[in-house]
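Asker: Quick one, query06.txt (compact mmCIF, C-alpha atoms and all ligand atoms):
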# COMPACT_ATOMS: atom_id res chain seq x y z
CA MET A 1 0.00 0.00 0.00
CA ALA A 2 1.33 3.46 -0.89
CA TYR A 3 2.54 5.51 2.09
CA GLU A 4 0.31 8.50 2.86
CA LEU A 5 2.14 11.70 3.82
CA ARG A 6 0.97 13.19 7.11
CA ALA A 7 3.20 16.22 7.75
CA LEU A 8 4.86 17.03 4.43
CA THR A 9 3.58 17.98 1.00
CA PRO A 10 4.64 15.81 -1.96
CA GLU A 11 6.87 18.75 -3.10
CA GLN A 12 8.68 18.84 0.24
CA LYS A 13 9.23 15.08 0.14
CA ARG A 14 10.54 15.30 -3.42
CA HIS A 15 12.91 18.11 -2.42
CA PHE A 16 14.39 15.96 0.35
CA GLU A 17 14.80 13.03 -2.01
CA THR A 18 16.39 14.92 -4.88
CA GLU A 19 18.42 17.55 -2.98
CA GLY A 20 19.18 15.52 0.15
CA TYR A 21 17.83 18.13 2.57
CA LEU A 22 14.70 20.07 3.48
CA ILE A 23 14.04 23.12 5.67
CA VAL A 24 10.68 23.01 7.47
CA LYS A 25 9.68 26.40 8.90
CA GLY A 26 8.54 26.97 12.46
CA LEU A 27 8.48 23.44 13.91
CA PHE A 28 9.43 24.86 17.33
CA SER A 29 7.22 27.52 18.96
CA GLU A 30 8.49 30.56 20.88
CA ALA A 31 7.65 28.72 24.12
CA ASP A 32 9.59 25.60 23.03
CA LEU A 33 12.59 27.73 22.12
CA GLN A 34 12.47 29.61 25.40
CA GLU A 35 12.51 26.34 27.34
CA ILE A 36 15.46 25.09 25.27
CA GLU A 37 17.35 28.38 25.67
CA GLU A 38 16.85 28.43 29.46
CA THR A 39 17.87 24.79 29.80
CA PHE A 40 21.11 25.21 27.88
CA GLU A 41 21.87 28.54 29.56
CA GLN A 42 21.80 26.68 32.89
CA ILE A 43 23.88 23.80 31.51
CA SER A 44 26.47 26.29 30.19
CA HIS A 45 27.53 27.14 33.78
CA GLN A 46 28.07 23.51 34.78
CA THR A 47 30.57 20.74 34.14
CA ILE A 48 28.98 17.45 33.19
CA PRO A 49 31.70 14.82 32.73
CA GLY A 50 31.47 13.04 29.40
CA HIS A 51 28.88 15.52 28.11
CA PHE A 52 30.01 19.10 28.66
CA MET A 53 33.45 20.09 29.91
CA PRO A 54 33.87 23.88 29.51
CA ASP A 55 36.88 25.86 30.64
CA LEU A 56 35.12 28.18 33.09
CA SER A 57 38.26 30.17 33.92
CA SER A 58 38.49 33.56 32.25
CA PRO A 59 39.74 34.78 29.91
CA VAL A 60 39.99 31.94 27.37
CA THR A 61 41.54 32.42 23.93
CA ASP A 62 39.34 29.91 22.07
CA PRO A 63 35.60 30.68 22.56
CA LEU A 64 34.84 26.97 22.02
CA LYS A 65 36.82 26.12 25.16
CA ARG A 66 34.31 28.15 27.15
CA TYR A 67 31.37 26.92 25.05
CA PRO A 68 32.09 23.45 23.65
CA ARG A 69 29.19 21.50 22.20
CA VAL A 70 27.00 19.55 24.64
CA MET A 71 27.04 15.85 23.72
CA HIS A 72 23.99 13.63 24.25
CA PRO A 73 22.15 16.03 26.64
CA HIS A 74 19.08 13.72 26.50
CA ARG A 75 21.05 11.27 28.65
CA PHE A 76 21.12 13.62 31.65
CA ASN A 77 18.43 16.25 30.99
CA ASP A 78 14.67 15.66 30.63
CA THR A 79 14.02 18.79 28.55
CA ALA A 80 16.62 17.70 26.00
CA LYS A 81 15.01 14.25 25.83
CA LYS A 82 11.56 15.83 25.45
CA TYR A 83 12.71 17.87 22.44
CA LEU A 84 14.71 14.99 20.96
CA LEU A 85 11.26 13.37 20.72
CA HIS A 86 9.43 16.57 19.66
CA LYS A 87 6.28 15.38 17.89
CA PRO A 88 6.40 17.82 14.92
CA VAL A 89 9.96 16.63 14.18
CA LEU A 90 9.07 12.93 14.48
CA ASP A 91 6.05 13.48 12.20
CA VAL A 92 8.31 14.85 9.46
CA LEU A 93 10.84 12.05 9.98
CA ARG A 94 8.10 9.43 9.64
CA ASP A 95 7.14 10.95 6.28
CA LEU A 96 10.78 10.95 5.16
CA TYR A 97 11.49 7.37 6.25
CA GLU A 98 7.99 6.03 5.53
CA GLU A 99 8.39 4.13 8.79
CA GLU A 100 8.86 4.93 12.48
CA PRO A 101 11.97 6.96 13.37
CA LEU A 102 14.18 6.10 16.35
CA ALA A 103 16.13 8.83 18.16
CA ALA A 104 19.87 8.16 18.41
CA GLN A 105 21.65 11.37 19.38
CA SER A 106 21.19 14.90 20.63
CA MET A 107 23.71 17.76 20.74
CA PHE A 108 23.63 21.48 21.48
CA TYR A 109 26.03 23.93 19.81
CA TYR A 110 26.46 27.42 21.32
CA LYS A 111 28.84 28.54 18.55
CA PRO A 112 29.78 31.88 20.13
CA PRO A 113 31.08 34.88 18.13
CA GLY A 114 34.53 34.22 16.63
CA SER A 115 34.41 30.44 17.03
CA ARG A 116 35.57 27.97 14.40
CA GLY A 117 33.17 25.89 12.32
CA GLN A 118 32.93 22.17 11.64
CA ALA A 119 34.53 21.07 8.37
CA LEU A 120 32.40 19.40 5.69
CA HIS A 121 31.58 15.77 6.55
CA GLN A 122 28.95 13.01 6.24
CA ASP A 123 27.02 11.87 9.31
CA ASN A 124 26.52 8.21 8.46
CA PHE A 125 30.31 7.81 8.46
CA TYR A 126 29.89 8.07 12.24
CA LEU A 127 26.40 6.76 12.97
CA LYS A 128 26.79 3.73 10.69
CA VAL A 129 23.04 3.09 10.54
CA GLU A 130 22.40 -0.09 8.51
CA PRO A 131 20.30 -1.08 6.68
CA GLY A 132 18.88 2.39 5.99
CA ASN A 133 20.45 5.68 6.96
CA CYS A 134 20.52 8.35 9.62
CA ILE A 135 18.67 11.64 9.18
CA ALA A 136 19.67 14.82 11.06
CA ALA A 137 17.16 17.35 12.39
CA TRP A 138 19.11 20.60 12.87
CA THR A 139 17.05 23.18 14.74
CA ALA A 140 18.01 26.86 14.65
CA VAL A 141 17.78 28.29 18.19
CA ASP A 142 19.14 31.61 16.87
CA PRO A 143 18.68 32.84 13.30
CA ALA A 144 21.43 31.15 11.26
CA ASP A 145 23.11 32.76 8.24
CA GLU A 146 26.45 33.07 6.49
CA GLU A 147 27.77 35.69 8.93
CA ASN A 148 27.27 33.72 12.13
CA GLY A 149 28.38 30.37 10.73
CA GLY A 150 25.06 28.78 9.81
CA LEU A 151 24.96 25.31 8.34
CA LEU A 152 26.17 24.66 4.78
CA VAL A 153 24.92 21.80 2.63
CA VAL A 154 26.20 20.40 -0.66
CA PRO A 155 22.95 19.70 -2.55
CA LYS A 156 22.45 16.28 -4.11
CA THR A 157 25.39 14.64 -2.31
CA ASN A 158 22.84 12.38 -0.63
CA ASN A 159 23.63 10.14 -3.62
CA TYR A 160 27.37 10.37 -2.98
CA GLU A 161 28.98 7.36 -1.30
CA ILE A 162 30.38 7.61 2.22
CA VAL A 163 34.09 8.36 1.81
CA CYS A 164 37.12 8.27 4.09
CA PRO A 165 37.73 11.88 5.24
CA GLU A 166 40.89 13.92 4.75
CA LEU A 167 42.43 16.06 7.50
CA ALA A 168 40.58 19.35 8.10
CA ASP A 169 42.17 22.79 8.49
CA ALA A 170 42.53 23.13 12.27
CA GLN A 171 42.55 26.95 11.99
CA GLU A 172 38.98 26.90 10.71
CA SER A 173 37.45 23.65 12.01
CA PHE A 174 37.21 22.32 15.55
CA THR A 175 36.87 18.78 14.18
CA THR A 176 39.61 16.93 12.31
CA HIS A 177 37.71 15.39 9.37
CA PHE A 178 37.10 16.97 5.97
CA VAL A 179 35.16 15.50 3.04
CA LYS A 180 35.83 17.32 -0.21
CA PRO A 181 32.66 17.92 -2.28
CA PRO A 182 32.61 16.17 -5.66
CA LYS A 183 33.93 18.20 -8.60
CA ASP A 184 31.73 21.19 -9.60
CA GLN A 185 29.56 20.89 -6.49
CA GLN A 186 29.56 23.58 -3.86
CA ALA A 187 28.40 24.11 -0.32
CA VAL A 188 25.44 26.51 -0.07
CA PRO A 189 24.21 28.23 3.11
CA ALA A 190 20.98 27.07 4.76
CA VAL A 191 19.57 30.41 5.93
CA MET A 192 17.14 29.80 8.77
CA ASP A 193 14.96 31.61 11.28
CA LYS A 194 14.82 30.44 14.87
CA GLY A 195 12.46 27.50 15.21
CA ASP A 196 13.08 26.23 11.66
CA VAL A 197 14.41 22.70 11.25
CA LEU A 198 16.78 21.49 8.55
CA PHE A 199 16.46 17.76 7.82
CA PHE A 200 19.25 16.05 5.92
CA ASN A 201 20.26 12.61 4.79
CA GLY A 202 23.25 10.83 6.41
CA ASN A 203 25.29 10.83 3.18
CA LEU A 204 24.82 14.56 2.50
CA ILE A 205 28.07 16.54 2.76
CA HIS A 206 27.56 19.44 5.18
CA GLY A 207 29.36 21.52 7.79
CA SER A 208 29.86 25.14 8.78
CA TYR A 209 32.36 28.01 8.62
CA ARG A 210 33.51 30.32 11.38
CA ASN A 211 31.08 32.61 13.25
CA LYS A 212 32.39 35.90 11.87
CA THR A 213 30.17 38.15 13.99
CA LYS A 214 31.30 40.00 17.09
CA ASP A 215 28.11 39.61 19.09
CA ARG A 216 25.79 36.91 17.72
CA PHE A 217 25.79 33.34 19.03
CA ARG A 218 24.58 30.70 16.60
CA ARG A 219 22.92 28.18 18.86
CA ALA A 220 21.50 24.96 17.41
CA PHE A 221 19.84 21.85 18.84
CA ILE A 222 20.98 18.97 16.65
CA CYS A 223 19.50 15.48 16.73
CA HIS A 224 20.10 12.33 14.71
CA TYR A 225 17.65 9.54 13.97
CA ALA A 226 17.58 6.07 12.45
CA ASN A 227 14.83 4.12 10.70
CA GLU A 228 13.11 1.53 12.88
CA SER A 229 14.02 -1.30 10.47
CA ALA A 230 17.76 -0.64 10.94
CA THR A 231 19.51 -3.42 12.85
CA ARG A 232 22.96 -1.86 13.48
CA ILE A 233 24.33 1.51 14.60
CA GLY A 234 27.68 2.83 15.85
CA ASN A 235 28.26 1.98 19.51
CA HIS A 236 28.35 5.63 20.62
CA TYR A 237 24.65 6.08 19.70
CA ARG A 238 23.08 3.30 21.76
CA PRO A 239 20.52 2.96 23.21
CA LEU A 240 18.01 4.65 20.88
CA PHE A 241 14.54 5.91 21.82
CA ARG A 242 11.08 5.39 20.40
CA ALA A 243 8.54 8.22 20.17
CA ASP A 244 7.03 7.18 23.54
CA GLY A 245 10.42 7.60 25.27
CA SER A 246 11.12 3.90 25.75
CA ALA A 247 14.65 2.70 25.00
CA ILE A 248 15.44 0.24 22.23
CA ASP A 249 18.82 -1.25 21.51
CA LEU A 250 20.24 -2.08 18.10
CA GLU A 251 23.36 -4.14 17.53
CA ALA A 252 26.64 -2.24 17.67
CA ASN A 253 27.98 -1.78 14.14
CA PRO A 254 31.74 -2.39 14.29
CA ASP A 255 32.20 -1.74 10.55
CA GLY A 256 35.16 0.60 10.04
CA GLY A 257 33.51 1.95 6.87
CA PRO A 258 35.57 3.31 3.99
CA CYS A 259 38.66 3.93 6.17
CA GLY A 260 38.85 0.53 7.92
CA VAL A 261 38.78 -0.15 11.66
CA GLU A 262 42.32 1.06 12.47
CA TYR A 263 41.41 4.57 11.31
CA GLU A 264 38.65 4.84 13.89
CA ALA A 265 41.05 4.13 16.73
CA LEU A 266 43.35 6.89 15.41
CA TYR A 267 40.65 9.48 14.75
CA PRO A 268 37.67 9.04 17.08
CA HIS A 269 34.82 11.47 16.32
O1 LIG B 1 26.19 23.05 13.45
C1 LIG B 1 27.30 22.93 12.95
O2 LIG B 1 28.07 23.87 12.86
C2 LIG B 1 27.73 21.61 12.39
C3 LIG B 1 26.83 20.50 12.83
C4 LIG B 1 27.05 19.26 12.07
O3 LIG B 1 27.62 19.27 11.03
C5 LIG B 1 26.54 17.97 12.56
O4 LIG B 1 25.91 17.95 13.62
O5 LIG B 1 26.77 16.96 11.90
Please express what this file holds, its structure, as structure tokens.
Ligand SMILES: O=C(O)CCC(=O)C(=O)O
Answerer:
Amino acid sequence: MAYELRALTPEQKRHFETEGYLIVKGLFSEADLQEIEETFEQISHQTIPGHFMPDLSSPVTDPLKRYPRVMHPHRFNDTAKKYLLHKPVLDVLRDLYEEEPLAAQSMFYYKPPGSRGQALHQDNFYLKVEPGNCIAAWTAVDPADEENGGLLVVPKTNNYEIVCPELADAQESFTTHFVKPPKDQQAVPAVMDKGDVLFFNGNLIHGSYRNKTKDRFRRAFICHYANESATRIGNHYRPLFRADGSAIDLEANPDGGPCGVEYEALYPH
């Protein structure tokens, strides 16, 4: 039986399938955003081993030492878990997968003024969702644009294979991996208002440049999902969560991918 779309129009679905990404406007209300902002403002003054380890001494030369990304906040914070499972986001994911989505990861980026970006990369190199793929839901908590280091996507690279990354430019990227876009294809900015969500396929090449502003943070709540029929995922992303909040475990996927297993030991994500 043909799948019936519930949240997306056929044009939106087609855009995701041909371009590899889709921006859906206003999936988070002002009240949702305020709750997220307050939660991560409180977290920003704490140290949470394994999740958030800021350098709270002042002054610091690298703004990302004071405001590193928060990893897996849904594992210690109920508000983060609530928004990882935000119904409007899961409704879109269900339309994209044509099956139930499972939540695998949450992150929060503060990206303060002056901070480096994250070099172009592909998410399923890390999540290793099989069979199927991961999809990211990248929520703008502040307006995101070229000036403050908003997200960049390389359209249509959802059909590009997962490749072994090169070394990134450490002056411009806080992560070490870089995936060069295929010849004649370029990264384009995803300009977003707060509350908009950018969905993108796990093969799509994406990343961000430096926040060039002097006074604008570029905060984002970033979550990754897998299709329910997947049987394996990278160890770092287990357990996953169903829409009702219950945990579900998939097998750990030990596959080293296009670089082999030794590479992973040398360059953990
Ligand atoms: O938000 C960013 O600057 C990069 C985020 C990203 O690329 C990711 O979460 O995979």
Asker: With 10 Å as the cut-off and only C-alpha atoms and all ligand atoms counted, what is the closest atom pair between each nearby residue of chain A and ligand LIG 1 (chain B)? Distances in Å to one decimal, ordered by chain and number, as a tab-separated table.
Answerer:
residue	atom	partner	partner_atom	distance
A:Arg69	CA	B:LIG1	O1	9.4
A:Gln105	CA	B:LIG1	O4	9.7
A:Ser106	CA	B:LIG1	O4	9.0
A:Met107	CA	B:LIG1	O4	7.5
A:Phe108	CA	B:LIG1	O1	8.6
A:Tyr109	CA	B:LIG1	O1	6.4
A:Tyr110	CA	B:LIG1	O1	9.0
A:Lys111	CA	B:LIG1	O2	7.4
A:Arg116	CA	B:LIG1	O2	8.7
A:Gly117	CA	B:LIG1	O2	5.5
A:Gln118	CA	B:LIG1	C2	5.3
A:Ala119	CA	B:LIG1	O3	7.6
A:Leu120	CA	B:LIG1	O3	7.2
A:His121	CA	B:LIG1	O3	6.9
A:Gln122	CA	B:LIG1	O5	7.2
A:Asp123	CA	B:LIG1	O5	5.7
A:Asn124	CA	B:LIG1	O5	9.4
A:Tyr126	CA	B:LIG1	O5	9.4
A:Ala136	CA	B:LIG1	O4	7.4
A:Ala137	CA	B:LIG1	O4	8.9
A:Trp138	CA	B:LIG1	O4	7.3
A:Thr139	CA	B:LIG1	O1	9.2
A:Ala140	CA	B:LIG1	O1	9.1
A:Ala144	CA	B:LIG1	O1	9.6
A:Asn148	CA	B:LIG1	O2	9.9
A:Gly149	CA	B:LIG1	O2	6.8
A:Gly150	CA	B:LIG1	O2	6.5
A:Leu151	CA	B:LIG1	O2	5.7
A:Leu152	CA	B:LIG1	O2	8.3
A:Val153	CA	B:LIG1	O3	9.2
A:Ser173	CA	B:LIG1	O2	9.4
A:Phe174	CA	B:LIG1	O2	9.7
A:Thr175	CA	B:LIG1	C2	9.7
A:Phe200	CA	B:LIG1	O5	9.7
A:Gly202	CA	B:LIG1	O5	9.0
A:Leu204	CA	B:LIG1	O5	9.9
A:Ile205	CA	B:LIG1	O3	8.7
A:His206	CA	B:LIG1	O3	5.9
A:Gly207	CA	B:LIG1	O3	4.3
A:Ser208	CA	B:LIG1	O2	4.6
A:Tyr209	CA	B:LIG1	O2	7.3
A:Arg210	CA	B:LIG1	O2	8.6
A:Asn211	CA	B:LIG1	O2	9.3
A:Arg218	CA	B:LIG1	O1	8.4
A:Arg219	CA	B:LIG1	O1	8.1
A:Ala220	CA	B:LIG1	O1	6.4
A:Phe221	CA	B:LIG1	O1	8.4
A:Ile222	CA	B:LIG1	O4	5.9
A:Cys223	CA	B:LIG1	O4	7.5
A:His224	CA	B:LIG1	O4	8.2
Asker: Output C-alpha atoms for every residue in the selection just made, as a PDB file, keeping the file's coordinate frame.
Answerer:
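Writing the result to selection.pdb gives the following:
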ATOM      1  CA  ARG A  69      29.190  21.500  22.200  1.00  0.00           C
ATOM      2  CA  GLN A 105      21.650  11.370  19.380  1.00  0.00           C
ATOM      3  CA  SER A 106      21.190  14.900  20.630  1.00  0.00           C
ATOM      4  CA  MET A 107      23.710  17.760  20.740  1.00  0.00           C
ATOM      5  CA  PHE A 108      23.630  21.480  21.480  1.00  0.00           C
ATOM      6  CA  TYR A 109      26.030  23.930  19.810  1.00  0.00           C
ATOM      7  CA  TYR A 110      26.460  27.420  21.320  1.00  0.00           C
ATOM      8  CA  LYS A 111      28.840  28.540  18.550  1.00  0.00           C
ATOM      9  CA  ARG A 116      35.570  27.970  14.400  1.00  0.00           C
ATOM     10  CA  GLY A 117      33.170  25.890  12.320  1.00  0.00           C
ATOM     11  CA  GLN A 118      32.930  22.170  11.640  1.00  0.00           C
ATOM     12  CA  ALA A 119      34.530  21.070   8.370  1.00  0.00           C
ATOM     13  CA  LEU A 120      32.400  19.400   5.690  1.00  0.00           C
ATOM     14  CA  HIS A 121      31.580  15.770   6.550  1.00  0.00           C
ATOM     15  CA  GLN A 122      28.950  13.010   6.240  1.00  0.00           C
ATOM     16  CA  ASP A 123      27.020  11.870   9.310  1.00  0.00           C
ATOM     17  CA  ASN A 124      26.520   8.210   8.460  1.00  0.00           C
ATOM     18  CA  TYR A 126      29.890   8.070  12.240  1.00  0.00           C
ATOM     19  CA  ALA A 136      19.670  14.820  11.060  1.00  0.00           C
ATOM     20  CA  ALA A 137      17.160  17.350  12.390  1.00  0.00           C
ATOM     21  CA  TRP A 138      19.110  20.600  12.870  1.00  0.00           C
ATOM     22  CA  THR A 139      17.050  23.180  14.740  1.00  0.00           C
ATOM     23  CA  ALA A 140      18.010  26.860  14.650  1.00  0.00           C
ATOM     24  CA  ALA A 144      21.430  31.150  11.260  1.00  0.00           C
ATOM     25  CA  ASN A 148      27.270  33.720  12.130  1.00  0.00           C
ATOM     26  CA  GLY A 149      28.380  30.370  10.730  1.00  0.00           C
ATOM     27  CA  GLY A 150      25.060  28.780   9.810  1.00  0.00           C
ATOM     28  CA  LEU A 151      24.960  25.310   8.340  1.00  0.00           C
ATOM     29  CA  LEU A 152      26.170  24.660   4.780  1.00  0.00           C
ATOM     30  CA  VAL A 153      24.920  21.800   2.630  1.00  0.00           C
ATOM     31  CA  SER A 173      37.450  23.650  12.010  1.00  0.00           C
ATOM     32  CA  PHE A 174      37.210  22.320  15.550  1.00  0.00           C
ATOM     33  CA  THR A 175      36.870  18.780  14.180  1.00  0.00           C
ATOM     34  CA  PHE A 200      19.250  16.050   5.920  1.00  0.00           C
ATOM     35  CA  GLY A 202      23.250  10.830   6.410  1.00  0.00           C
ATOM     36  CA  LEU A 204      24.820  14.560   2.500  1.00  0.00           C
ATOM     37  CA  ILE A 205      28.070  16.540   2.760  1.00  0.00           C
ATOM     38  CA  HIS A 206      27.560  19.440   5.180  1.00  0.00           C
ATOM     39  CA  GLY A 207      29.360  21.520   7.790  1.00  0.00           C
ATOM     40  CA  SER A 208      29.860  25.140   8.780  1.00  0.00           C
ATOM     41  CA  TYR A 209      32.360  28.010   8.620  1.00  0.00           C
ATOM     42  CA  ARG A 210      33.510  30.320  11.380  1.00  0.00           C
ATOM     43  CA  ASN A 211      31.080  32.610  13.250  1.00  0.00           C
ATOM     44  CA  ARG A 218      24.580  30.700  16.600  1.00  0.00           C
ATOM     45  CA  ARG A 219      22.920  28.180  18.860  1.00  0.00           C
ATOM     46  CA  ALA A 220      21.500  24.960  17.410  1.00  0.00           C
ATOM     47  CA  PHE A 221      19.840  21.850  18.840  1.00  0.00           C
ATOM     48  CA  ILE A 222      20.980  18.970  16.650  1.00  0.00           C
ATOM     49  CA  CYS A 223      19.500  15.480  16.730  1.00  0.00           C
ATOM     50  CA  HIS A 224      20.100  12.330  14.710  1.00  0.00           C
TER      51      HIS A 224
END
Asker: Just how far from atom CA of A:Gln46 is atom CA of A:Pro113, in Å to one decimal?
Answerer: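 So the two atoms, atom CA of A:Pro113 and atom CA of A:Gln46, lie 20.4 Å apart.
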Asker: Identify which of the residues A:Ala252, A:Ala190, A:Leu8, A:Leu56 lies closest to A:Leu90, counting all atoms listed in the file when measuring atom-to-atom distances.
Answerer: A:Leu8
Asker: Starting from the point (5.4, 2.3, -0.1), work out which residues of protein, DNA or RNA have an atom no more than 10 Å away when counting only C-alpha atoms; state them as an MDAnalysis selection string.
Answerer: chainID A and resid 1:4 98:99
Asker: Point out the residue among A:Leu33, A:His86, A:Val163, A:Phe125 with the least atom-to-atom distance to A:Asn253, counting all atoms listed in the file.
Answerer: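 Among the listed residues, the smallest separation from A:Asn253 belongs to A:Phe125.
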Asker: Model the absent atoms of stretch 154-175 of chain A so that N, CA and C atoms are present, and write the result as a tab-separated table (two decimals), in the frame of the given file.
Answerer:
chain	number	residue	atom	x	y	z
A	154	VAL	N	25.82	20.58	0.75
A	154	VAL	CA	26.20	20.40	-0.66
A	154	VAL	C	25.05	19.61	-1.30
A	155	PRO	N	24.16	20.35	-2.02
A	155	PRO	CA	22.95	19.70	-2.55
A	155	PRO	C	23.27	18.48	-3.39
A	156	LYS	N	22.41	17.51	-3.30
A	156	LYS	CA	22.45	16.28	-4.11
A	156	LYS	C	23.55	15.29	-3.71
A	157	THR	N	24.36	15.61	-2.70
A	157	THR	CA	25.39	14.64	-2.31
A	157	THR	C	24.80	13.51	-1.45
A	158	ASN	N	23.49	13.53	-1.26
A	158	ASN	CA	22.84	12.38	-0.63
A	158	ASN	C	23.05	11.11	-1.47
A	159	ASN	N	23.36	11.30	-2.75
A	159	ASN	CA	23.63	10.14	-3.62
A	159	ASN	C	25.11	9.83	-3.71
A	160	TYR	N	25.92	10.56	-2.98
A	160	TYR	CA	27.37	10.37	-2.98
A	160	TYR	C	27.70	9.29	-1.95
A	161	GLU	N	28.63	8.42	-2.27
A	161	GLU	CA	28.98	7.36	-1.30
A	161	GLU	C	29.65	7.96	-0.05
A	162	ILE	N	29.65	7.18	1.02
A	162	ILE	CA	30.38	7.61	2.22
A	162	ILE	C	31.87	7.40	1.93
A	163	VAL	N	32.66	8.47	2.13
A	163	VAL	CA	34.09	8.36	1.81
A	163	VAL	C	34.94	8.55	3.07
A	164	CYS	N	36.19	8.10	2.97
A	164	CYS	CA	37.12	8.27	4.09
A	164	CYS	C	37.59	9.73	4.10
A	165	PRO	N	37.41	10.45	5.23
A	165	PRO	CA	37.73	11.88	5.24
A	165	PRO	C	39.23	12.17	5.16
A	166	GLU	N	39.53	13.39	4.69
A	166	GLU	CA	40.89	13.92	4.75
A	166	GLU	C	41.02	14.71	6.05
A	167	LEU	N	42.21	15.25	6.29
A	167	LEU	CA	42.43	16.06	7.50
A	167	LEU	C	41.90	17.49	7.27
A	168	ALA	N	41.15	17.99	8.23
A	168	ALA	CA	40.58	19.35	8.10
A	168	ALA	C	41.60	20.41	8.49
A	169	ASP	N	41.33	21.65	8.12
A	169	ASP	CA	42.17	22.79	8.49
A	169	ASP	C	41.84	23.18	9.95
A	170	ALA	N	42.78	22.92	10.84
A	170	ALA	CA	42.53	23.13	12.27
A	170	ALA	C	42.34	24.61	12.63
A	171	GLN	N	42.76	25.51	11.74
A	171	GLN	CA	42.55	26.95	11.99
A	171	GLN	C	41.07	27.31	11.86
A	172	GLU	N	40.37	26.54	11.03
A	172	GLU	CA	38.98	26.90	10.71
A	172	GLU	C	37.95	25.91	11.24
A	173	SER	N	38.39	24.68	11.57
A	173	SER	CA	37.45	23.65	12.01
A	173	SER	C	37.86	23.09	13.36
A	174	PHE	N	36.88	22.91	14.24
A	174	PHE	CA	37.21	22.32	15.55
A	174	PHE	C	37.23	20.80	15.48
A	175	THR	N	36.77	20.23	14.37
A	175	THR	CA	36.87	18.78	14.18
A	175	THR	C	37.95	18.49	13.14
